[in-house]
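I have placed the structure first, in the form of structure tokens, so that the comments after it can refer back to it.
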Amino acid sequence: MSDPRSVPVEENLESFCRTIAAEPVFTVGRRAREVVAPYLERGLPFLWWTTPSGHADELRPVLTELGLQELAVPGMYLEPAGPLDPVLSEGIEVRQVAGEEMGESVDVMLAGFEMPEFMREPFHGMTALVGAVEMIQVTAWLNGRAVGCGSAWMTADTVGLYNITTLPSARRRGVGRAVTAALVNAAMERGATRAILHTSEEGFPVYQRLGFETVCQVPQFGWLPPDED
């Protein structure tokens with residue numbers, strides 16, 4: 001049994017924090033403006049990603065007033081009964097990568113998501129996590145050319161799928177499905193029993209055919225400089 005004297009320690013701290021948080025200097029709106037201002041001033045595109053149970057309702061009027069556009073992204077969930085069938089078309093190969101092969105994954109990420117060149121270094125930093133128990137990275141090749149990629153992040157028995165993309169010239173050939181299946185199957189080998197992802201409109205039917213179901217909407221708020229709209 002815990003020491004009953006710990007109760008006032010906790011209650012007093014919570015009361016103090018609630019009172020301080022109610023002060024205008026700590027409000028969500030004011031803090032949001034402080035975070036957004038440097039990006040707007042420097043003309044840098046950015047994405048504000050919230051969670052379904054986060055502060056989206058409080059942030060929405062502030063961020064839209066500042067010119068951000070809201071996009072509700074489906075949050076999808078799957079408890080696979082067994083390995084997913086990648087349905088590999090002729091010429092497609094998918095495998096886990098690390099080390100020097102990570103360069104091809106980064107190339108595909110930038111091109112597939114149409115991201116600017118300055119994002120190359122951050123993506124390389126992220127892929128440095130490959131090799132950790134939690135991280136899985138795969139690349140897909142079509143007739144020897146890297147055309148697709150995807151990342152997975154493990155938390156206990158859940159695998160989250162991220163950065164799944166295909167080069168425009170190789171789309172509608174099953175590459176996205178193959179990458180998704182490869183990530184889920186690799187994660188299941190590490191003990192995952194459920195998978196989650198956040199999808200674009202284009203990717204939604206691919207994941208739905210694999211058995212993923214929409215369980216929530218994940219609010220995102222994005223901003224582009226006027227000349228990049």
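Scheme for the structure tokens: letters A, B, ... for chains in order shown; per-chain residue numbers from 1; ligand numbers from 1 in order shown.
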- Please provide the set of residues having any atom within 6 Å of range 88-95 of chain A, restricted to only C-alpha atoms, with same-chain residues fewer than 2 positions apart removed, written as an MDAnalysis selection string. chainID A and resid 86 138:143
Selected residues, C-alpha atoms, written as a PDB file, in the first residue's frame, please.
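Saved result, part.pdb, follows:
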```pdb
ATOM      1  CA  PRO A  86       2.128  -8.825 -51.130  1.00  0.00           C
ATOM      2  CA  VAL A 138      12.031  -1.484 -46.772  1.00  0.00           C
ATOM      3  CA  THR A 139      12.652  -0.518 -50.367  1.00  0.00           C
ATOM      4  CA  ALA A 140      10.866  -1.808 -53.455  1.00  0.00           C
ATOM      5  CA  TRP A 141      12.579  -2.244 -56.823  1.00  0.00           C
ATOM      6  CA  LEU A 142      10.936  -2.565 -60.218  1.00  0.00           C
ATOM      7  CA  ASN A 143      13.240  -4.246 -62.718  1.00  0.00           C
TER       8      ASN A 143
END
```
Which residues come within 7 Å of Thr158 in chain A, counting only C-alpha atoms, excluding same-chain residues fewer than 6 positions away, as a PDB file with N, CA and C atoms, in the first residue's frame?
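The resulting file, around00.pdb, is shown below:
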```
ATOM      1  N   ALA A 192       4.745  -8.208 -33.396  1.00  0.00           N
ATOM      2  CA  ALA A 192       3.597  -7.322 -33.541  1.00  0.00           C
ATOM      3  C   ALA A 192       2.324  -8.130 -33.780  1.00  0.00           C
ATOM      4  N   THR A 193       1.235  -7.699 -33.165  1.00  0.00           N
ATOM      5  CA  THR A 193      -0.056  -8.354 -33.366  1.00  0.00           C
ATOM      6  C   THR A 193      -1.090  -7.392 -33.946  1.00  0.00           C
ATOM      7  N   ARG A 194      -0.723  -6.121 -34.088  1.00  0.00           N
ATOM      8  CA  ARG A 194      -1.638  -5.143 -34.679  1.00  0.00           C
ATOM      9  C   ARG A 194      -0.822  -4.055 -35.378  1.00  0.00           C
ATOM     10  N   ALA A 195      -1.459  -3.464 -36.400  1.00  0.00           N
ATOM     11  CA  ALA A 195      -0.779  -2.447 -37.197  1.00  0.00           C
ATOM     12  C   ALA A 195      -1.662  -1.217 -37.315  1.00  0.00           C
TER      13      ALA A 195
END
```
- Name all residues at most 7 Å from Pro52 in chain A (count only C-alpha atoms; drop same-chain ones fewer than 4 positions away) and give them as JSON, numbers by chain. {"A": [217, 218, 219]}
Rows by chain and residue number, range 48-148 of chain A within 10 Å of range 201-211 of chain A, shortest pair, only C-alpha atoms, as JSON lines:
```
{"residue": "A:Val73", "atom": "CA", "partner": "A:Glu201", "partner_atom": "CA", "distance": 8.3}
{"residue": "A:Pro74", "atom": "CA", "partner": "A:Phe204", "partner_atom": "CA", "distance": 8.3}
{"residue": "A:Met76", "atom": "CA", "partner": "A:Tyr207", "partner_atom": "CA", "distance": 8.3}
{"residue": "A:Tyr77", "atom": "CA", "partner": "A:Gly211", "partner_atom": "CA", "distance": 8.5}
{"residue": "A:Leu78", "atom": "CA", "partner": "A:Gly211", "partner_atom": "CA", "distance": 6.4}
{"residue": "A:Glu79", "atom": "CA", "partner": "A:Gly211", "partner_atom": "CA", "distance": 8.5}
{"residue": "A:Pro80", "atom": "CA", "partner": "A:Gly211", "partner_atom": "CA", "distance": 7.9}
{"residue": "A:Leu84", "atom": "CA", "partner": "A:Leu210", "partner_atom": "CA", "distance": 7.4}
{"residue": "A:Asp85", "atom": "CA", "partner": "A:Leu210", "partner_atom": "CA", "distance": 8.4}
{"residue": "A:Pro86", "atom": "CA", "partner": "A:Leu210", "partner_atom": "CA", "distance": 9.2}
```
Generate a file of the selected residues that holds C-alpha atoms, formatted as an mmCIF file, in the first residue's frame.
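Full text of again-v4.cif as output:
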```cif
data_model
loop_
_atom_site.group_PDB
_atom_site.id
_atom_site.type_symbol
_atom_site.label_atom_id
_atom_site.label_comp_id
_atom_site.auth_asym_id
_atom_site.auth_seq_id
_atom_site.Cartn_x
_atom_site.Cartn_y
_atom_site.Cartn_z
ATOM 1 C CA VAL A 73 -6.359 12.039 -42.184
ATOM 2 C CA PRO A 74 -7.943 8.605 -41.596
ATOM 3 C CA MET A 76 -6.483 2.943 -39.747
ATOM 4 C CA TYR A 77 -6.083 -0.264 -37.733
ATOM 5 C CA LEU A 78 -5.521 -3.948 -38.493
ATOM 6 C CA GLU A 79 -5.124 -7.106 -36.446
ATOM 7 C CA PRO A 80 -3.676 -9.473 -39.070
ATOM 8 C CA LEU A 84 -0.228 -10.385 -45.607
ATOM 9 C CA ASP A 85 -0.012 -11.391 -49.258
ATOM 10 C CA PRO A 86 2.128 -8.825 -51.130
#
```
- Message: Going by DSSP on the backbone, which residues of range 7-207 of chain A come out as strand (DSSP E or B)? List them as a ChimeraX atom specification.
- Response: /A:46-49,69-78,92-96,130,132,135-142,145-155,158-166,194-198
Export N, CA and C atoms of the chosen residues as a short mmCIF file (atom, residue, chain, number, x, y, z; two decimals), in the first residue's frame?
```
data_model
loop_
_atom_site.label_atom_id
_atom_site.label_comp_id
_atom_site.auth_asym_id
_atom_site.auth_seq_id
_atom_site.Cartn_x
_atom_site.Cartn_y
_atom_site.Cartn_z
N PHE A 46 5.24 24.04 -43.50
CA PHE A 46 5.30 23.16 -42.34
C PHE A 46 3.96 22.46 -42.12
N LEU A 47 4.01 21.41 -41.31
CA LEU A 47 2.83 20.62 -40.98
C LEU A 47 2.70 20.53 -39.48
N TRP A 48 1.51 20.85 -38.96
CA TRP A 48 1.21 20.70 -37.53
C TRP A 48 0.32 19.47 -37.40
N TRP A 49 0.86 18.47 -36.74
CA TRP A 49 0.19 17.17 -36.66
C TRP A 49 -0.33 16.99 -35.23
N GLN A 69 -4.27 25.19 -43.47
CA GLN A 69 -5.37 24.41 -44.00
C GLN A 69 -5.47 23.09 -43.25
N GLU A 70 -6.69 22.73 -42.86
CA GLU A 70 -6.87 21.49 -42.11
C GLU A 70 -7.15 20.32 -43.04
N LEU A 71 -6.55 19.20 -42.71
CA LEU A 71 -6.80 17.96 -43.44
C LEU A 71 -7.01 16.85 -42.42
N ALA A 72 -8.19 16.24 -42.43
CA ALA A 72 -8.47 15.13 -41.53
C ALA A 72 -7.99 13.84 -42.18
N VAL A 73 -6.98 13.23 -41.61
CA VAL A 73 -6.36 12.04 -42.18
C VAL A 73 -6.91 10.79 -41.49
N PRO A 74 -7.42 9.82 -42.24
CA PRO A 74 -7.94 8.60 -41.60
C PRO A 74 -6.86 7.86 -40.82
N GLY A 75 -7.16 7.52 -39.58
CA GLY A 75 -6.30 6.64 -38.80
C GLY A 75 -6.84 5.23 -38.94
N MET A 76 -6.01 4.29 -39.42
CA MET A 76 -6.48 2.94 -39.75
C MET A 76 -5.81 1.89 -38.87
N TYR A 77 -6.49 0.76 -38.71
CA TYR A 77 -6.08 -0.26 -37.73
C TYR A 77 -6.31 -1.64 -38.34
N LEU A 78 -5.41 -2.56 -38.01
CA LEU A 78 -5.52 -3.95 -38.49
C LEU A 78 -4.95 -4.90 -37.47
N ILE A 92 8.90 -6.91 -59.59
CA ILE A 92 8.93 -6.19 -58.31
C ILE A 92 9.62 -7.02 -57.24
N GLU A 93 10.54 -6.41 -56.54
CA GLU A 93 11.24 -7.03 -55.41
C GLU A 93 11.17 -6.07 -54.23
N VAL A 94 10.87 -6.60 -53.04
CA VAL A 94 10.80 -5.78 -51.83
C VAL A 94 11.62 -6.46 -50.75
N ARG A 95 12.47 -5.69 -50.08
CA ARG A 95 13.23 -6.26 -48.98
C ARG A 95 13.62 -5.19 -47.97
N GLN A 96 13.97 -5.62 -46.77
CA GLN A 96 14.45 -4.70 -45.75
C GLN A 96 15.83 -4.19 -46.14
N VAL A 130 17.42 2.97 -38.35
CA VAL A 130 17.31 1.59 -38.84
C VAL A 130 18.42 0.75 -38.20
N ALA A 132 17.85 -0.26 -35.06
CA ALA A 132 17.28 -0.35 -33.72
C ALA A 132 16.14 -1.36 -33.75
N MET A 135 12.75 -0.05 -35.34
CA MET A 135 12.66 0.53 -36.69
C MET A 135 12.85 -0.52 -37.77
N ILE A 136 11.98 -0.44 -38.80
CA ILE A 136 12.10 -1.30 -39.98
C ILE A 136 12.00 -0.40 -41.21
N GLN A 137 12.87 -0.63 -42.17
CA GLN A 137 12.83 0.13 -43.42
C GLN A 137 12.87 -0.84 -44.59
N VAL A 138 12.00 -0.64 -45.58
CA VAL A 138 12.03 -1.48 -46.77
C VAL A 138 12.07 -0.61 -48.01
N THR A 139 12.64 -1.16 -49.05
CA THR A 139 12.65 -0.52 -50.37
C THR A 139 12.10 -1.51 -51.38
N ALA A 140 11.39 -0.98 -52.37
CA ALA A 140 10.87 -1.81 -53.46
C ALA A 140 11.58 -1.43 -54.74
N TRP A 141 11.93 -2.45 -55.53
CA TRP A 141 12.58 -2.24 -56.82
C TRP A 141 11.68 -2.79 -57.93
N LEU A 142 11.64 -2.10 -59.03
CA LEU A 142 10.94 -2.57 -60.22
C LEU A 142 11.97 -2.71 -61.32
N ARG A 145 15.24 -1.02 -60.41
CA ARG A 145 15.24 0.41 -60.08
C ARG A 145 14.41 0.63 -58.83
N ALA A 146 14.95 1.39 -57.85
CA ALA A 146 14.22 1.69 -56.62
C ALA A 146 13.03 2.59 -56.94
N VAL A 147 11.81 2.12 -56.61
CA VAL A 147 10.60 2.87 -56.97
C VAL A 147 9.64 3.06 -55.79
N GLY A 148 9.88 2.38 -54.67
CA GLY A 148 8.96 2.48 -53.53
C GLY A 148 9.70 2.27 -52.23
N CYS A 149 9.09 2.72 -51.14
CA CYS A 149 9.72 2.55 -49.83
C CYS A 149 8.68 2.70 -48.74
N GLY A 150 9.09 2.38 -47.53
CA GLY A 150 8.21 2.54 -46.38
C GLY A 150 8.98 2.28 -45.10
N SER A 151 8.48 2.86 -44.01
CA SER A 151 9.10 2.72 -42.70
C SER A 151 8.09 2.15 -41.72
N ALA A 152 8.59 1.50 -40.67
CA ALA A 152 7.72 0.99 -39.61
C ALA A 152 8.39 1.25 -38.27
N TRP A 153 7.56 1.55 -37.27
CA TRP A 153 8.05 1.83 -35.92
C TRP A 153 7.29 0.96 -34.95
N MET A 154 8.03 0.19 -34.14
CA MET A 154 7.43 -0.76 -33.20
C MET A 154 7.27 -0.13 -31.82
N THR A 155 6.10 -0.31 -31.22
CA THR A 155 5.88 0.00 -29.81
C THR A 155 5.16 -1.20 -29.20
N THR A 158 2.52 -3.27 -31.20
CA THR A 158 1.93 -2.46 -32.26
C THR A 158 3.01 -1.98 -33.22
N VAL A 159 2.72 -2.07 -34.52
CA VAL A 159 3.62 -1.50 -35.52
C VAL A 159 2.89 -0.36 -36.22
N GLY A 160 3.56 0.78 -36.31
CA GLY A 160 3.02 1.92 -37.04
C GLY A 160 3.73 2.02 -38.39
N LEU A 161 2.97 2.19 -39.45
CA LEU A 161 3.52 2.27 -40.81
C LEU A 161 3.58 3.74 -41.25
N TYR A 162 4.75 4.15 -41.76
CA TYR A 162 4.96 5.54 -42.13
C TYR A 162 5.74 5.63 -43.45
N ASN A 163 5.67 6.79 -44.08
CA ASN A 163 6.51 7.12 -45.24
C ASN A 163 6.36 6.14 -46.40
N ILE A 164 5.19 5.54 -46.55
CA ILE A 164 4.98 4.62 -47.67
C ILE A 164 4.67 5.43 -48.92
N THR A 165 5.50 5.28 -49.93
CA THR A 165 5.29 6.03 -51.18
C THR A 165 5.87 5.26 -52.35
N THR A 166 5.40 5.64 -53.54
CA THR A 166 5.87 5.05 -54.80
C THR A 166 6.14 6.18 -55.78
N ARG A 194 -0.72 -6.12 -34.09
CA ARG A 194 -1.64 -5.14 -34.68
C ARG A 194 -0.82 -4.05 -35.38
N ALA A 195 -1.46 -3.46 -36.40
CA ALA A 195 -0.78 -2.45 -37.20
C ALA A 195 -1.66 -1.22 -37.31
N ILE A 196 -1.03 -0.05 -37.35
CA ILE A 196 -1.77 1.20 -37.52
C ILE A 196 -1.06 2.03 -38.60
N LEU A 197 -1.82 2.94 -39.20
CA LEU A 197 -1.25 3.86 -40.15
C LEU A 197 -2.18 5.05 -40.33
N HIS A 198 -1.66 6.11 -40.95
CA HIS A 198 -2.43 7.30 -41.29
C HIS A 198 -2.31 7.45 -42.79
#
```
